[in-house]
Amino acid sequence: MHCVHQDRFRSSVRRTVRGAASLAKRRTGNRIDLALWPLTPYLHFMRLRVVDLETTGGGRSAEIIEVGFVDVLRDGDGWKAMPPVSKLFRPRGEISFHAMAVHHLTPAHFCADDPHCDEYALRKMFAEPADVMVAHSARFERGLIADTAVGGVPWICTVRSAKAVWPQAPGNSNQVLRYWRGFPLDPALADPAHRAGPDAWVTAHILMDLLKESTVEQMIAWTNEPRRLDRIPFGKHRGEPWTEPPDDYLRWMAGQGEMDADVVAAARLELERRAGGVTGPLAVGPDAG
């Protein structure tokens with residue numbers, strides 16, 4: 001099918017799905033998660049976009065200074081990765097030395113004509129529509145890329161998916177998985193590590209390997225599950241297992257709208273367990289990139 005027809009088909013699918021979800025919400029009052037909508041009938045027209053970001057640091061003020069992506073498309077019964085695309089963006093603030101030590105991007109890599117990264121720049125870079133966004137430890141990329149910059153499509157986290165599919169793996173970073181799975185990657189595309197284009201290329205091959213043993217829908221579902229925590233990450237009960245704090249403290253956490261959604265989910269899960277609704281251990285540790 002001609003690519004223009006594919007684009008029109010995907011756009012029609014998105015309009016149909018979103019329209020159905022909107023109608024269901026009006027009739028039932030419940031929000032329908034589009035990430036759980038069946039995608040299998042549309043696999044042959046699907047574009048999975050693997051993205052990787054490099055930033056000025058790890059805090060809330062971090063800026064994107066490099067974006068890399070690789071589109072993964074259906075190829076017969078398998079999948080193929082398109083060539084990586086990457087772009088540098090000039091930071092407004094300083095790059096931390098810790099960040100430089102990881103990606104080796106310094107102020108010398110940028111000039112006054114380089115654009116800053118904002119939602120408009122990302123929309124321009126992602127002008128070709130994708131059906132699913134993918135990242136390794138997608139929580140990080142998803143926190144920096146607005147849903148409106150990618151059309152509100154669902155995400156796949158290849159860390160969570162790898163943990164589910166390969167629990168025996170020696171680690172879950174994309175470079176550990178690269179060598180453990182034995183990918184024969186061209187160094188010209190896969191190196192150096194911790195640069196956006198090469199990391200997206202490695203993650204794209206992890207994704208294609210995962211797709212041999214799982215489905216797009218299943219990986220989206222794993223990605224949307226709350227991150228399960230075995231200990232309280234902050235506050236006066238920091239470091240304690242969830243079984244230790246009193247009910248009133250857990251109820252306070254469970255009612256906080258601005259708190260980390262995974263922490264709120266863990267507090268609610270423990271309250272349900274105490275009420276007899278859930279049995280068994282709470283969790284394993286958090287995601288590791």
# chains A, B, ... in the order shown; residues from 1 in each chain; ligands from 1
>>> closest_atom_pairs(of="segment 91-156 of chain A", to="segment 225-229 of chain A", cutoff="12 Å", atoms="only C-alpha atoms", output="Markdown table")
| residue | atom | partner | partner_atom | distance |
| --- | --- | --- | --- | --- |
| A:Ser137 | CA | A:Arg227 | CA | 11.3 |
| A:Ala138 | CA | A:Arg227 | CA | 11.9 |
| A:Arg139 | CA | A:Arg227 | CA | 9.9 |
| A:Trp155 | CA | A:Glu225 | CA | 11.8 |
| A:Ile156 | CA | A:Glu225 | CA | 11.2 |
>>> write_last_selection(atoms="N, CA and C atoms", output="JSON list (two decimals), in the first residue's frame")
[["chain", "number", "residue", "atom", "x", "y", "z"],
["A", 137, "SER", "N", 13.31, 2.71, 29.64],
["A", 137, "SER", "CA", 12.94, 3.45, 30.84],
["A", 137, "SER", "C", 12.14, 4.68, 30.44],
["A", 138, "ALA", "N", 10.98, 4.42, 29.82],
["A", 138, "ALA", "CA", 10.18, 5.47, 29.18],
["A", 138, "ALA", "C", 9.69, 6.54, 30.15],
["A", 139, "ARG", "N", 9.70, 6.25, 31.42],
["A", 139, "ARG", "CA", 9.29, 7.23, 32.42],
["A", 139, "ARG", "C", 10.09, 8.53, 32.26],
["A", 155, "TRP", "N", 2.61, 4.66, 24.96],
["A", 155, "TRP", "CA", 4.05, 4.45, 25.08],
["A", 155, "TRP", "C", 4.34, 2.99, 25.44],
["A", 156, "ILE", "N", 5.53, 2.54, 25.03],
["A", 156, "ILE", "CA", 6.09, 1.26, 25.46],
["A", 156, "ILE", "C", 7.40, 1.54, 26.17]]
>>> residues_around(residues="Asp186 of chain A", least_positions_apart="4", cutoff="10 Å", atoms="only C-alpha atoms", output="PyMOL selection string")
chain A and resi 190-191+201
>>> write_last_selection(atoms="C-alpha atoms", output="compact mmCIF listing (two decimals), in the first residue's frame")
# COMPACT_ATOMS: atom_id res chain seq x y z
CA ALA A 190 25.22 1.83 17.61
CA ASP A 191 28.16 3.75 19.09
CA TRP A 201 19.28 2.36 17.52
>>> residues_around(residues="Leu271 of chain A", least_positions_apart="3", cutoff="9 Å", atoms="only C-alpha atoms", output="list of chain:residue names")
A:Asp247, A:Leu250, A:Arg251, A:Ala254, A:Ala266, A:Ala267, A:Arg268, A:Arg274, A:Ala275, A:Gly276, A:Gly277, A:Val278
>>> closest_residue(among="A:Lys163, A:His237, A:Arg123, A:Arg92", to="Ser61 of chain A", atoms="only C-alpha atoms")
A:Arg92
>>> closest_residue(among="A:Asp71, A:Gly197, A:Ile206, A:Asp260", to="Arg178 of chain A", atoms="only C-alpha atoms")
A:Ile206
>>> select_by_dssp(residues="segment 123-234 of chain A", states="strand (DSSP E or B)", output="ChimeraX atom specification")
/A:132-135,155-157,231
>>> write_last_selection(atoms="C-alpha atoms", output="compact mmCIF listing (two decimals), in the first residue's frame")
# COMPACT_ATOMS: atom_id res chain seq x y z
CA VAL A 132 3.27 4.19 19.51
CA MET A 133 6.21 5.89 21.24
CA VAL A 134 8.93 3.68 22.69
CA ALA A 135 11.81 4.39 25.07
CA TRP A 155 4.05 4.45 25.08
CA ILE A 156 6.09 1.26 25.46
CA CYS A 157 8.85 0.99 28.06
CA ARG A 231 9.71 0.51 50.43
>>> closest_residue(among="A:Val67, A:Trp79, A:Tyr179, A:Arg49", to="Glu128 of chain A", atoms="only C-alpha atoms")
A:Arg49
>>> atom_distance(atom1="atom CA of Pro107 of chain A", atom2="atom CA of Ala149 of chain A")
26.3 Å
>>> closest_residue(among="A:Gly239, A:Pro233, A:Pro192, A:Pro84", to="His104 of chain A", atoms="only C-alpha atoms")
A:Pro192
>>> closest_residue(among="A:Pro241, A:Pro198, A:Gly59, A:Gly151", to="Ser96 of chain A", atoms="only C-alpha atoms")
A:Gly59
>>> residues_around(residues="Val51 of chain A", least_positions_apart="5", cutoff="6 Å", atoms="only C-alpha atoms", output="CSV table (one decimal) with N, CA and C atoms, in the first residue's frame")
chain,number,residue,atom,x,y,z
A,68,GLY,N,17.2,11.7,19.7
A,68,GLY,CA,17.4,10.7,18.6
A,68,GLY,C,16.2,9.8,18.5
A,69,PHE,N,15.9,9.4,17.3
A,69,PHE,CA,14.8,8.4,17.2
A,69,PHE,C,15.0,7.5,16.0
A,135,ALA,N,10.5,3.9,24.5
A,135,ALA,CA,11.8,4.4,25.1
A,135,ALA,C,12.3,3.4,26.1
A,200,ALA,N,19.1,5.1,20.7
A,200,ALA,CA,17.8,4.8,20.1
A,200,ALA,C,17.9,3.6,19.1
>>> closest_residue(among="A:Arg90, A:Ala81, A:Gly58, A:Ile220", to="Leu185 of chain A", atoms="only C-alpha atoms")
A:Ala81
>>> atom_distance(atom1="atom CA of Thr203 of chain A", atom2="atom CA of Gln175 of chain A")
8.7 Å
>>> residues_around(residues="Met100 of chain A", least_positions_apart="2", cutoff="12 Å", atoms="only C-alpha atoms", output="PyMOL selection string")
chain A and resi 54-58+65+94-98+102-109+194-195
>>> select_by_dssp(residues="segment 76-133 of chain A", states="helix (DSSP H, G or I)", output="ChimeraX atom specification")
/A:97-103,107-109,119-125
>>> residues_around(residues="Glu66 of chain A", least_positions_apart="5", cutoff="7 Å", atoms="only C-alpha atoms", output="list of chain:residue names")
A:Leu53, A:Glu54, A:Thr55, A:Lys87, A:Leu88, A:Phe89, A:Ala196
